[in-house]
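Below: one structure, written as structure tokens.
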Amino acid sequence: MTRVPFICGNWKLHKNVAESVELATAIKNAVGPIRDVEVTIAPVFTALYAVGKRLEGSSVALAAQDCFWKSDGAYTGEVSAELLRDVGCSYVIVGHSERRQFFGELDAAVNLKAKAALAAGLRPIVCVGESERERDAGETFGRISAQLEGSLEGFGQEAAAKLVIAYEPIWAIGTGRTATPGQAEEVHAFVRDRLKKQFSAAGDSIRIAYGGSVKPDNARLLLEQPNIDGALVGGASLKADDFLGIVKYRSG
Ligand code: 13P
């Protein structure tokens, strides 16, 4: 099964509009001729429209970092999947561990968000990952399994074709402590198995991206693993050279 590698820069809470457009422009210009990798960037909400305009006509896709599950209504502060589509997004990250950790997001909410994304024509990037405590206690697979079950509840084969899963071990995020290729592949293979159980053959086509201290110098070994089909990049996505070094991992 050939899966086109999916590399997404998650800019988190960084960069104003001008800085975002500048970085997006550098990425767009460099990615132009690259066809064997799908590149996506996820700026802050306030920069989405301007970055989306700048990316028009390029192969770089726009992602949001979160969405709400209702289309509209009295929900102060929220942004719907439809509005994200309106400003040019084609992907949305849901269930990032920082949302789970700092905003109390549970699998049931992640599930609603992913469903709302699909209904609005967006492709959800559903994040899962264990904490250091859970890994040390031997609970990694149980945790990942529960997150997948809760987040993907009610999803059928049609949804599977649109999904990206991101495995982001919390202990590897922003710590410089990357999971070894072997550690990551072990969990990715487990995720693949679960996806095939839920979606049959379609589970084979779902890309499973790894996130957690991905850098230009470790991207290649990670992405060469059979079930690692991409990367969700935080810190290293904030500098064009670093991010492009990951995008061009094959030549690294
Ligand atoms: P870092 O690459 O900074 O570890 O962040 C990973 C991440 O959370 C991407 O979503």
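All residue names refer to the structure tokens as shown: chains lettered A, B, ... in order, residues numbered from 1 in each chain, ligands numbered from 1 in order.
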- Item | Neighbour list for range 137-147 of chain A as a list in words, cut-off 10 Å, only C-alpha atoms, skip fewer than 4 positions in-chain | Gly95, Leu106, Asp107, Ala108, Val110, Asn111, Val126, Cys127, Val128, Gly129, Glu130, Ser131, Glu132, Arg133, Ser151, Leu152, Glu153, Tyr167, Pro169, Glu186, Val187, Phe190, Val191 and Arg194 of chain A
Next, the residues of the selection above should be written as a PDB file, in the first residue's frame with N, CA and C atoms.
ATOM      1  N   GLY A  95      -8.124  17.056  18.876  1.00  0.00           N
ATOM      2  CA  GLY A  95      -7.667  16.206  19.968  1.00  0.00           C
ATOM      3  C   GLY A  95      -6.183  16.279  20.241  1.00  0.00           C
ATOM      4  N   LEU A 106     -11.984  15.798  25.988  1.00  0.00           N
ATOM      5  CA  LEU A 106     -12.107  14.341  26.113  1.00  0.00           C
ATOM      6  C   LEU A 106     -12.409  13.720  24.749  1.00  0.00           C
ATOM      7  N   ASP A 107     -12.268  12.399  24.694  1.00  0.00           N
ATOM      8  CA  ASP A 107     -12.469  11.701  23.411  1.00  0.00           C
ATOM      9  C   ASP A 107     -13.843  11.990  22.803  1.00  0.00           C
ATOM     10  N   ALA A 108     -14.860  12.123  23.647  1.00  0.00           N
ATOM     11  CA  ALA A 108     -16.207  12.365  23.120  1.00  0.00           C
ATOM     12  C   ALA A 108     -16.258  13.697  22.362  1.00  0.00           C
ATOM     13  N   VAL A 110     -13.627  15.157  20.984  1.00  0.00           N
ATOM     14  CA  VAL A 110     -12.782  14.965  19.794  1.00  0.00           C
ATOM     15  C   VAL A 110     -13.612  14.290  18.697  1.00  0.00           C
ATOM     16  N   ASN A 111     -14.405  13.328  19.100  1.00  0.00           N
ATOM     17  CA  ASN A 111     -15.279  12.625  18.154  1.00  0.00           C
ATOM     18  C   ASN A 111     -16.270  13.579  17.494  1.00  0.00           C
ATOM     19  N   VAL A 126      -6.632  13.416  13.578  1.00  0.00           N
ATOM     20  CA  VAL A 126      -7.019  13.027  14.938  1.00  0.00           C
ATOM     21  C   VAL A 126      -5.775  12.602  15.716  1.00  0.00           C
ATOM     22  N   CYS A 127      -5.517  13.306  16.832  1.00  0.00           N
ATOM     23  CA  CYS A 127      -4.289  13.048  17.594  1.00  0.00           C
ATOM     24  C   CYS A 127      -4.542  12.105  18.771  1.00  0.00           C
ATOM     25  N   VAL A 128      -3.601  11.201  18.946  1.00  0.00           N
ATOM     26  CA  VAL A 128      -3.608  10.316  20.111  1.00  0.00           C
ATOM     27  C   VAL A 128      -2.188  10.256  20.663  1.00  0.00           C
ATOM     28  N   GLY A 129      -2.061   9.839  21.912  1.00  0.00           N
ATOM     29  CA  GLY A 129      -0.710   9.716  22.479  1.00  0.00           C
ATOM     30  C   GLY A 129      -0.771   9.519  23.974  1.00  0.00           C
ATOM     31  N   GLU A 130       0.210   8.801  24.489  1.00  0.00           N
ATOM     32  CA  GLU A 130       0.247   8.486  25.918  1.00  0.00           C
ATOM     33  C   GLU A 130       1.192   9.441  26.657  1.00  0.00           C
ATOM     34  N   SER A 131       0.956   9.579  27.952  1.00  0.00           N
ATOM     35  CA  SER A 131       1.851  10.383  28.787  1.00  0.00           C
ATOM     36  C   SER A 131       3.051   9.529  29.203  1.00  0.00           C
ATOM     37  N   GLU A 132       4.022  10.186  29.803  1.00  0.00           N
ATOM     38  CA  GLU A 132       5.204   9.457  30.281  1.00  0.00           C
ATOM     39  C   GLU A 132       4.808   8.447  31.367  1.00  0.00           C
ATOM     40  N   ARG A 133       3.899   8.891  32.243  1.00  0.00           N
ATOM     41  CA  ARG A 133       3.464   8.002  33.314  1.00  0.00           C
ATOM     42  C   ARG A 133       2.793   6.757  32.755  1.00  0.00           C
ATOM     43  N   SER A 151     -12.517   8.483  19.917  1.00  0.00           N
ATOM     44  CA  SER A 151     -12.436   9.566  18.935  1.00  0.00           C
ATOM     45  C   SER A 151     -13.045   9.182  17.592  1.00  0.00           C
ATOM     46  N   LEU A 152     -12.987   7.879  17.262  1.00  0.00           N
ATOM     47  CA  LEU A 152     -13.455   7.448  15.934  1.00  0.00           C
ATOM     48  C   LEU A 152     -14.782   6.703  16.013  1.00  0.00           C
ATOM     49  N   GLU A 153     -15.454   6.842  17.124  1.00  0.00           N
ATOM     50  CA  GLU A 153     -16.723   6.137  17.310  1.00  0.00           C
ATOM     51  C   GLU A 153     -17.728   6.545  16.223  1.00  0.00           C
ATOM     52  N   TYR A 167       0.065  10.121  15.839  1.00  0.00           N
ATOM     53  CA  TYR A 167       0.519   9.562  17.110  1.00  0.00           C
ATOM     54  C   TYR A 167       1.566  10.512  17.683  1.00  0.00           C
ATOM     55  N   PRO A 169       3.362  10.952  21.221  1.00  0.00           N
ATOM     56  CA  PRO A 169       3.600  10.639  22.634  1.00  0.00           C
ATOM     57  C   PRO A 169       3.878  11.948  23.390  1.00  0.00           C
ATOM     58  N   GLU A 186       6.362   0.748  16.629  1.00  0.00           N
ATOM     59  CA  GLU A 186       5.604  -0.242  17.404  1.00  0.00           C
ATOM     60  C   GLU A 186       4.175   0.257  17.647  1.00  0.00           C
ATOM     61  N   VAL A 187       4.047   1.537  18.003  1.00  0.00           N
ATOM     62  CA  VAL A 187       2.710   2.084  18.251  1.00  0.00           C
ATOM     63  C   VAL A 187       1.953   2.289  16.925  1.00  0.00           C
ATOM     64  N   PHE A 190       0.494  -0.848  15.830  1.00  0.00           N
ATOM     65  CA  PHE A 190      -0.679  -1.140  16.669  1.00  0.00           C
ATOM     66  C   PHE A 190      -1.886  -0.328  16.188  1.00  0.00           C
ATOM     67  N   VAL A 191      -1.649   0.954  15.899  1.00  0.00           N
ATOM     68  CA  VAL A 191      -2.734   1.823  15.405  1.00  0.00           C
ATOM     69  C   VAL A 191      -3.253   1.276  14.070  1.00  0.00           C
ATOM     70  N   ARG A 194      -5.552  -1.579  14.609  1.00  0.00           N
ATOM     71  CA  ARG A 194      -6.865  -1.127  15.099  1.00  0.00           C
ATOM     72  C   ARG A 194      -7.683  -0.542  13.945  1.00  0.00           C
TER      73      ARG A 194
END
- Item | DSSP strand (DSSP E) residues within range 9-175 of chain A, listed as a PyMOL selection string | chain A and resi 9-10+38-42+61-64+91-94+123-128+164-167
Residues of range 42-73 of chain A within 12 Å of range 216-236 of chain A: nearest atom pair and distance (Å, one decimal) for each, counting only C-alpha atoms, sorted by chain and number, as JSON lines?
{"residue": "A:Ala42", "atom": "CA", "partner": "A:Gly234", "partner_atom": "CA", "distance": 9.8}
{"residue": "A:Pro43", "atom": "CA", "partner": "A:Gly234", "partner_atom": "CA", "distance": 10.9}
{"residue": "A:Ala63", "atom": "CA", "partner": "A:Leu232", "partner_atom": "CA", "distance": 11.6}
{"residue": "A:Gln65", "atom": "CA", "partner": "A:Leu232", "partner_atom": "CA", "distance": 11.5}
- Distance query Ala202 in chain A at most 12 Å, only C-alpha atoms, self and fewer than 5 positions along chain excluded, as a list in words: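 Neighbouring residues, sequence-local ones excluded: Met1, Arg3, Phe155, Gly156, Gln157, Glu158, Ala159, Ala160, Ala161, Lys162, Leu163, Arg192, Asp193, Arg194, Leu195, Lys196, Lys197 and Arg207 of chain A.
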Can you write out as CSV which residues of chain A fall within 7 Å of ligand 1, alongside each residue's closest atom pair and its distance in Å to one decimal, counting only C-alpha atoms and all ligand atoms and ordering rows by chain and ascending residue number?
residue,atom,partner,partner_atom_place_in_ligand_line,distance
A:Asn10,CA,ligand 1,10 (O),5.2
A:His96,CA,ligand 1,10 (O),6.8
A:Glu168,CA,ligand 1,8 (O),6.7
A:Ala172,CA,ligand 1,4 (O),6.0
A:Ile173,CA,ligand 1,4 (O),3.5
A:Gly174,CA,ligand 1,4 (O),3.5
A:Thr175,CA,ligand 1,4 (O),6.2
A:Gly176,CA,ligand 1,4 (O),6.6
A:Gly211,CA,ligand 1,6 (C),4.9
A:Gly212,CA,ligand 1,4 (O),3.8
A:Ser213,CA,ligand 1,4 (O),3.5
A:Val214,CA,ligand 1,2 (O),5.2
A:Leu232,CA,ligand 1,9 (C),4.7
A:Val233,CA,ligand 1,2 (O),4.3
A:Gly234,CA,ligand 1,2 (O),3.4
A:Gly235,CA,ligand 1,3 (O),3.7
A:Ala236,CA,ligand 1,2 (O),5.9
- From CA of Gly9 in chain A to CA of Ile41 in chain A the spacing works out at 4.6 Å
- Message: Which residue is closest to Glu38 in chain A? Choose from A:Ile7, A:Val79, A:Leu244, A:Val94 and count only C-alpha atoms.
- Response: A:Ile7
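Each of A:Asp204, A:Lys215, A:Ile165, A:Pro33 was compared to Gly245 in chain A using only C-alpha atoms, and A:Lys215 turns out to be the nearest.
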